[in-house]
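Listing of final_30.csv, CSV, C-alpha atoms
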chain,number,residue,atom,x,y,z
U,1,MET,CA,-8.9,-12.3,9.4
U,2,GLN,CA,-8.2,-8.7,8.4
U,3,HIS,CA,-4.4,-8.8,8.7
U,4,ASP,CA,-4.3,-12.0,6.5
U,5,LYS,CA,-6.0,-10.1,3.7
U,6,ILE,CA,-3.6,-7.2,4.1
U,7,LEU,CA,-0.5,-9.4,3.9
U,8,GLN,CA,-1.8,-11.0,0.7
U,9,LEU,CA,-2.0,-7.7,-1.1
U,10,ASP,CA,-0.1,-7.8,-4.5
U,11,ALA,CA,3.3,-6.3,-3.7
U,12,VAL,CA,3.9,-5.4,-7.3
U,13,ILE,CA,0.8,-3.2,-7.3
U,14,HIS,CA,0.9,-1.9,-3.7
U,15,ALA,CA,3.9,0.4,-4.0
U,16,PRO,CA,2.3,3.9,-4.4
U,17,SER,CA,4.2,4.8,-7.5
U,18,ARG,CA,3.2,1.6,-9.3
U,19,LEU,CA,-0.4,1.9,-8.1
U,20,ALA,CA,-0.4,5.5,-9.5
U,21,ILE,CA,1.0,4.3,-12.8
U,22,LEU,CA,-1.6,1.5,-13.1
U,23,SER,CA,-4.4,3.9,-12.1
U,24,ILE,CA,-3.4,6.1,-15.1
U,25,LEU,CA,-2.9,3.3,-17.6
U,26,ILE,CA,-6.2,1.6,-16.8
U,27,GLY,CA,-8.1,4.6,-18.2
U,28,VAL,CA,-6.1,5.1,-21.4
U,29,GLU,CA,-5.0,3.1,-24.4
U,30,SER,CA,-1.4,3.9,-23.7
U,31,SER,CA,0.7,6.6,-22.0
U,32,THR,CA,4.2,8.0,-22.8
U,33,PHE,CA,7.1,7.7,-20.4
U,34,ALA,CA,7.2,11.5,-20.2
U,35,TYR,CA,3.6,11.8,-19.1
U,36,LEU,CA,3.9,9.1,-16.4
U,37,LYS,CA,7.1,10.8,-15.2
U,38,GLU,CA,5.3,14.1,-14.8
U,39,ALA,CA,2.2,12.6,-13.2
U,40,THR,CA,4.0,10.5,-10.6
U,41,GLY,CA,6.7,13.1,-9.9
U,42,THR,CA,9.5,10.4,-10.1
U,43,THR,CA,12.9,10.5,-11.6
U,44,ASP,CA,13.7,8.8,-14.9
U,45,GLY,CA,15.6,6.1,-13.0
U,46,ASN,CA,12.9,5.4,-10.5
U,47,LEU,CA,10.2,5.4,-13.1
U,48,SER,CA,12.2,2.9,-15.2
U,49,THR,CA,12.6,0.6,-12.3
U,50,HIS,CA,8.8,0.7,-11.5
U,51,LEU,CA,7.9,0.1,-15.2
U,52,THR,CA,10.3,-2.8,-15.5
U,53,LYS,CA,8.8,-4.4,-12.4
U,54,LEU,CA,5.3,-4.0,-13.8
U,55,GLU,CA,6.5,-5.3,-17.2
U,56,SER,CA,8.2,-8.4,-15.6
U,57,ALA,CA,4.9,-9.2,-13.8
U,58,GLY,CA,3.2,-9.1,-17.2
U,59,TYR,CA,1.0,-6.2,-16.1
U,60,ILE,CA,2.1,-3.7,-18.7
U,61,THR,CA,3.9,-3.6,-22.1
U,62,ILE,CA,6.7,-1.1,-22.8
U,63,GLU,CA,7.2,-0.1,-26.4
U,64,LYS,CA,10.0,2.1,-27.7
U,65,MET,CA,9.4,3.9,-31.0
U,66,PHE,CA,10.3,6.9,-33.0
U,67,VAL,CA,8.0,9.8,-33.5
U,68,GLY,CA,9.7,11.6,-36.4
U,69,LYS,CA,13.3,11.6,-35.2
U,70,LYS,CA,12.4,11.6,-31.5
U,71,PRO,CA,12.4,8.4,-29.5
U,72,GLN,CA,9.3,7.8,-27.5
U,73,THR,CA,8.4,5.2,-24.9
U,74,ASN,CA,4.8,4.0,-24.7
U,75,CYS,CA,3.3,2.0,-21.9
U,76,ALA,CA,0.0,0.1,-21.9
U,77,ILE,CA,-1.8,-2.1,-19.4
U,78,THR,CA,-2.2,-5.7,-20.4
U,79,PRO,CA,-5.3,-7.8,-19.8
U,80,ALA,CA,-3.4,-9.5,-16.9
U,81,GLY,CA,-2.5,-6.1,-15.5
U,82,ARG,CA,-6.2,-5.0,-15.7
U,83,SER,CA,-7.3,-8.2,-14.0
U,84,ALA,CA,-4.6,-7.9,-11.2
U,85,PHE,CA,-5.5,-4.2,-10.7
U,86,GLU,CA,-9.2,-5.1,-10.4
U,87,ASN,CA,-8.4,-7.8,-7.9
U,88,TYR,CA,-6.2,-5.5,-5.9
U,89,LEU,CA,-9.0,-2.9,-5.8
U,90,SER,CA,-11.4,-5.5,-4.5
U,91,GLN,CA,-9.0,-6.5,-1.8
U,92,LEU,CA,-8.6,-2.9,-0.7
U,93,GLU,CA,-12.4,-2.6,-0.7
U,94,GLN,CA,-12.7,-5.6,1.5
U,95,ILE,CA,-10.1,-4.4,3.9
U,96,VAL,CA,-11.8,-1.0,4.3
U,97,LYS,CA,-15.2,-2.7,4.7
U,98,MET,CA,-13.9,-5.2,7.3
U,99,GLN,CA,-12.2,-2.5,9.2
U,100,ARG,CA,-15.3,-0.3,9.2
U,101,GLY,CA,-17.3,-3.2,10.3
U,102,SER,CA,-15.0,-4.2,13.2
U,103,ASP,CA,-14.5,-0.6,14.3
U,104,GLN,CA,-16.2,0.0,17.6
Q,1,MET,CA,-6.7,13.4,-9.6
Q,2,GLN,CA,-6.6,9.7,-8.7
Q,3,HIS,CA,-2.9,9.4,-8.8
Q,4,ASP,CA,-2.3,12.4,-6.6
Q,5,LYS,CA,-4.4,10.8,-3.9
Q,6,ILE,CA,-2.4,7.6,-4.2
Q,7,LEU,CA,0.9,9.4,-3.9
Q,8,GLN,CA,-0.3,11.2,-0.8
Q,9,LEU,CA,-0.9,7.9,1.1
Q,10,ASP,CA,0.8,7.8,4.5
Q,11,ALA,CA,4.0,5.8,3.8
Q,12,VAL,CA,4.3,4.9,7.5
Q,13,ILE,CA,1.0,3.0,7.4
Q,14,HIS,CA,1.0,1.8,3.7
Q,15,ALA,CA,3.6,-0.9,4.2
Q,16,PRO,CA,1.6,-4.2,4.4
Q,17,SER,CA,3.2,-5.3,7.6
Q,18,ARG,CA,2.6,-2.0,9.4
Q,19,LEU,CA,-0.9,-1.8,8.0
Q,20,ALA,CA,-1.5,-5.3,9.4
Q,21,ILE,CA,-0.1,-4.3,12.8
Q,22,LEU,CA,-2.3,-1.3,13.1
Q,23,SER,CA,-5.4,-3.2,11.9
Q,24,ILE,CA,-4.8,-5.5,14.9
Q,25,LEU,CA,-3.9,-2.8,17.4
Q,26,ILE,CA,-7.0,-0.7,16.5
Q,27,GLY,CA,-9.3,-3.4,17.8
Q,28,VAL,CA,-7.6,-4.1,21.1
Q,29,GLU,CA,-6.3,-2.3,24.2
Q,30,SER,CA,-2.8,-3.6,23.6
Q,31,SER,CA,-1.0,-6.6,22.0
Q,32,THR,CA,2.2,-8.5,22.9
Q,33,PHE,CA,5.2,-8.6,20.6
Q,34,ALA,CA,4.8,-12.4,20.4
Q,35,TYR,CA,1.2,-12.1,19.2
Q,36,LEU,CA,2.0,-9.5,16.6
Q,37,LYS,CA,4.9,-11.6,15.4
Q,38,GLU,CA,2.7,-14.7,14.9
Q,39,ALA,CA,-0.1,-12.7,13.3
Q,40,THR,CA,2.1,-10.9,10.8
Q,41,GLY,CA,4.5,-13.8,10.1
Q,42,THR,CA,7.6,-11.6,10.4
Q,43,THR,CA,10.9,-12.2,12.0
Q,44,ASP,CA,11.8,-10.5,15.4
Q,45,GLY,CA,14.1,-8.1,13.5
Q,46,ASN,CA,11.6,-7.1,10.9
Q,47,LEU,CA,8.8,-6.7,13.5
Q,48,SER,CA,11.1,-4.6,15.7
Q,49,THR,CA,11.9,-2.3,12.7
Q,50,HIS,CA,8.2,-1.9,11.8
Q,51,LEU,CA,7.2,-1.2,15.5
Q,52,THR,CA,10.0,1.4,15.9
Q,53,LYS,CA,8.8,3.1,12.7
Q,54,LEU,CA,5.3,3.3,14.0
Q,55,GLU,CA,6.5,4.5,17.4
Q,56,SER,CA,8.7,7.2,15.9
Q,57,ALA,CA,5.6,8.5,14.0
Q,58,GLY,CA,3.7,8.6,17.3
Q,59,TYR,CA,1.2,6.0,16.1
Q,60,ILE,CA,1.9,3.4,18.8
Q,61,THR,CA,3.5,3.0,22.2
Q,62,ILE,CA,5.9,0.2,23.1
Q,63,GLU,CA,6.2,-0.8,26.7
Q,64,LYS,CA,8.6,-3.4,28.0
Q,65,MET,CA,7.6,-5.1,31.3
Q,66,PHE,CA,8.1,-8.2,33.3
Q,67,VAL,CA,5.3,-10.8,33.8
Q,68,GLY,CA,6.7,-12.7,36.7
Q,69,LYS,CA,10.3,-13.2,35.6
Q,70,LYS,CA,9.5,-13.2,31.9
Q,71,PRO,CA,10.1,-10.0,29.9
Q,72,GLN,CA,7.1,-9.0,27.8
Q,73,THR,CA,6.7,-6.2,25.2
Q,74,ASN,CA,3.3,-4.6,24.8
Q,75,CYS,CA,2.2,-2.4,22.0
Q,76,ALA,CA,-0.8,-0.1,21.9
Q,77,ILE,CA,-2.2,2.3,19.3
Q,78,THR,CA,-2.2,6.0,20.3
Q,79,PRO,CA,-4.9,8.5,19.6
Q,80,ALA,CA,-2.7,10.0,16.8
Q,81,GLY,CA,-2.3,6.5,15.4
Q,82,ARG,CA,-6.0,5.9,15.5
Q,83,SER,CA,-6.6,9.1,13.7
Q,84,ALA,CA,-3.9,8.5,11.1
Q,85,PHE,CA,-5.2,5.0,10.5
Q,86,GLU,CA,-8.8,6.3,10.1
Q,87,ASN,CA,-7.5,8.9,7.7
Q,88,TYR,CA,-5.6,6.3,5.7
Q,89,LEU,CA,-8.7,4.1,5.4
Q,90,SER,CA,-10.7,7.1,4.1
Q,91,GLN,CA,-8.0,7.7,1.5
Q,92,LEU,CA,-8.2,4.0,0.4
Q,93,GLU,CA,-12.0,4.3,0.3
Q,94,GLN,CA,-11.8,7.3,-2.0
Q,95,ILE,CA,-9.2,5.7,-4.2
Q,96,VAL,CA,-11.4,2.6,-4.7
Q,97,LYS,CA,-14.5,4.8,-5.3
Q,98,MET,CA,-12.8,7.1,-7.8
Q,99,GLN,CA,-11.4,4.1,-9.6
Q,100,ARG,CA,-14.7,2.3,-9.7
Q,101,GLY,CA,-16.3,5.6,-10.9
Q,102,SER,CA,-13.8,6.2,-13.7
Q,103,ASP,CA,-13.7,2.6,-14.8
Q,104,GLN,CA,-15.4,2.2,-18.1

Please lay out the structure from this file as structure tokens.
Amino acid sequence: MQHDKILQLDAVIHAPSRLAILSILIGVESSTFAYLKEATGTTDGNLSTHLTKLESAGYITIEKMFVGKKPQTNCAITPAGRSAFENYLSQLEQIVKMQRGSDQ
Amino acid sequence: MQHDKILQLDAVIHAPSRLAILSILIGVESSTFAYLKEATGTTDGNLSTHLTKLESAGYITIEKMFVGKKPQTNCAITPAGRSAFENYLSQLEQIVKMQRGSDQ
């Protein structure tokens, strides 16, 4: 049933900020912390929390490096993250289709 | 851009439990608290919180009545709730389509 599918949605991906982060990372090789912060309009603290959650799930890698003397954090989606994101999109697609179908 | 659309998703509807509740209510005239509790697998307290949030947004009505001597709580989606839910589904649809389109 429709609501079962909804309740099975991957909670790590479903949060809008994390969904936005993954939707950016899936299209690029990697992205800096600064870019993700600007794109998602979050604070440093919130973004860090979201990135750590995605990293803990194995969906992204976070790499800290120096560019010249400036520290830079780079994030990239992993194959597991790509697969989970694809799966999540398919679930959304099914939810929309089922709803459209059952809508009188 | 994709992530802008994601960040604009209606937070009242986006939470899986509330999305599940609305996906049930949109197909029926009204539903009892007991049925919603069973369908969403939530506790009384959690379900109450979600229902109050939906009611505060004007998306559902909550009516307490007696059936014989037994109290019963009935929930129904409002026209505003129906419209917000439709709008949310369209946003999901767009997000999936844009992602599918931009996916290499």

Fill in: Shell around Asn87 in chain U at 12 Å using all atoms listed in the file, local window under 2 positions removed, as a list in words
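That gives Gln8, Leu9, Asp10, Ile13, His14, Ala80, Gly81, Arg82, Ser83, Ala84, Phe85, Leu89, Ser90, Gln91, Leu92, Glu93 and Gln94 of chain U; Val96 of chain Q.
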
Report as a Markdown table: every residue of chain Q with an atom at most 9 Å from chain U, its closest pair of atoms, and their distance in Å to one decimal, counting only C-alpha atoms, with rows sorted by chain and ascending residue number.
| residue | atom | partner | partner_atom | distance |
| --- | --- | --- | --- | --- |
| Q:Gln2 | CA | U:Ser23 | CA | 7.1 |
| Q:His3 | CA | U:Ala20 | CA | 4.7 |
| Q:Asp4 | CA | U:Thr40 | CA | 7.7 |
| Q:Lys5 | CA | U:Ala20 | CA | 8.7 |
| Q:Ile6 | CA | U:Pro16 | CA | 6.0 |
| Q:Leu7 | CA | U:Pro16 | CA | 5.7 |
| Q:Gln8 | CA | U:Pro16 | CA | 8.5 |
| Q:Leu9 | CA | U:Pro16 | CA | 7.5 |
| Q:Ala11 | CA | U:Pro16 | CA | 8.6 |
| Q:His14 | CA | U:His14 | CA | 8.3 |
| Q:Ala15 | CA | U:Ala15 | CA | 8.3 |
| Q:Pro16 | CA | U:Leu7 | CA | 5.6 |
| Q:Ser17 | CA | U:Leu7 | CA | 6.6 |
| Q:Leu19 | CA | U:Ile6 | CA | 7.2 |
| Q:Ala20 | CA | U:His3 | CA | 4.6 |
| Q:Ile21 | CA | U:His3 | CA | 7.5 |
| Q:Leu22 | CA | U:His3 | CA | 8.9 |
| Q:Ser23 | CA | U:His3 | CA | 6.5 |
| Q:Ile24 | CA | U:His3 | CA | 7.0 |
| Q:Ile26 | CA | U:Asp103 | CA | 7.8 |
| Q:Gly27 | CA | U:Asp103 | CA | 6.9 |
| Q:Ala39 | CA | U:His3 | CA | 7.4 |
| Q:Thr40 | CA | U:His3 | CA | 7.1 |
| Q:Leu89 | CA | U:Val96 | CA | 6.1 |
| Q:Ser90 | CA | U:Val96 | CA | 8.2 |
| Q:Leu92 | CA | U:Leu92 | CA | 7.0 |
| Q:Glu93 | CA | U:Val96 | CA | 6.6 |
| Q:Ile95 | CA | U:Leu89 | CA | 8.7 |
| Q:Val96 | CA | U:Leu89 | CA | 6.1 |
| Q:Lys97 | CA | U:Glu93 | CA | 9.0 |
| Q:Gln99 | CA | U:Ser23 | CA | 7.4 |
| Q:Arg100 | CA | U:Leu89 | CA | 8.6 |
| Q:Ser102 | CA | U:Gly27 | CA | 7.4 |
| Q:Asp103 | CA | U:Gly27 | CA | 6.8 |
| Q:Gln104 | CA | U:Gly27 | CA | 7.7 |

Fill in: Coordinates-based distance that separates CA of Thr73 in chain Q from CA of Ala34 in chain Q (Å, one decimal)
8.1 Å

Worksheet, complete the sentence: Of U:Thr42, U:Leu25, U:Leu47, U:Tyr35, the one nearest to Ile60 in chain U when counting only C-alpha atoms is U:Leu25

Practice prompt. Compile the contact shell of Thr32 in chain Q as a list of chain:residue names: residues with an atom at most 12 Å away, counting only C-alpha atoms, same-chain residues fewer than 4 positions apart removed.
Written response: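 After dropping sequence-adjacent residues, the list is Q:Ile21, Q:Ile24, Q:Leu25, Q:Val28, Q:Leu36, Q:Lys37, Q:Glu38, Q:Ala39, Q:Leu47, Q:Leu51, Q:Thr61, Q:Ile62, Q:Glu63, Q:Lys64, Q:Met65, Q:Phe66, Q:Val67, Q:Pro71, Q:Gln72, Q:Thr73, Q:Asn74, Q:Cys75, Q:Ala76.
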
Worksheet entry | CA of Val12 in chain U to CA of Ser56 in chain U, straight-line distance in Å |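 So the two atoms, CA of Ser56 in chain U and CA of Val12 in chain U, lie 9.8 Å apart.
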
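Coordinates place CA of Lys70 in chain Q at a distance of 24.7 Å from CA of Leu54 in chain Q.
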
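If you measure from each of Q:Thr52, Q:Ser31, Q:Tyr59, Q:Gly101 to Thr78 in chain Q using only C-alpha atoms, the closest one turns out to be Q:Tyr59.
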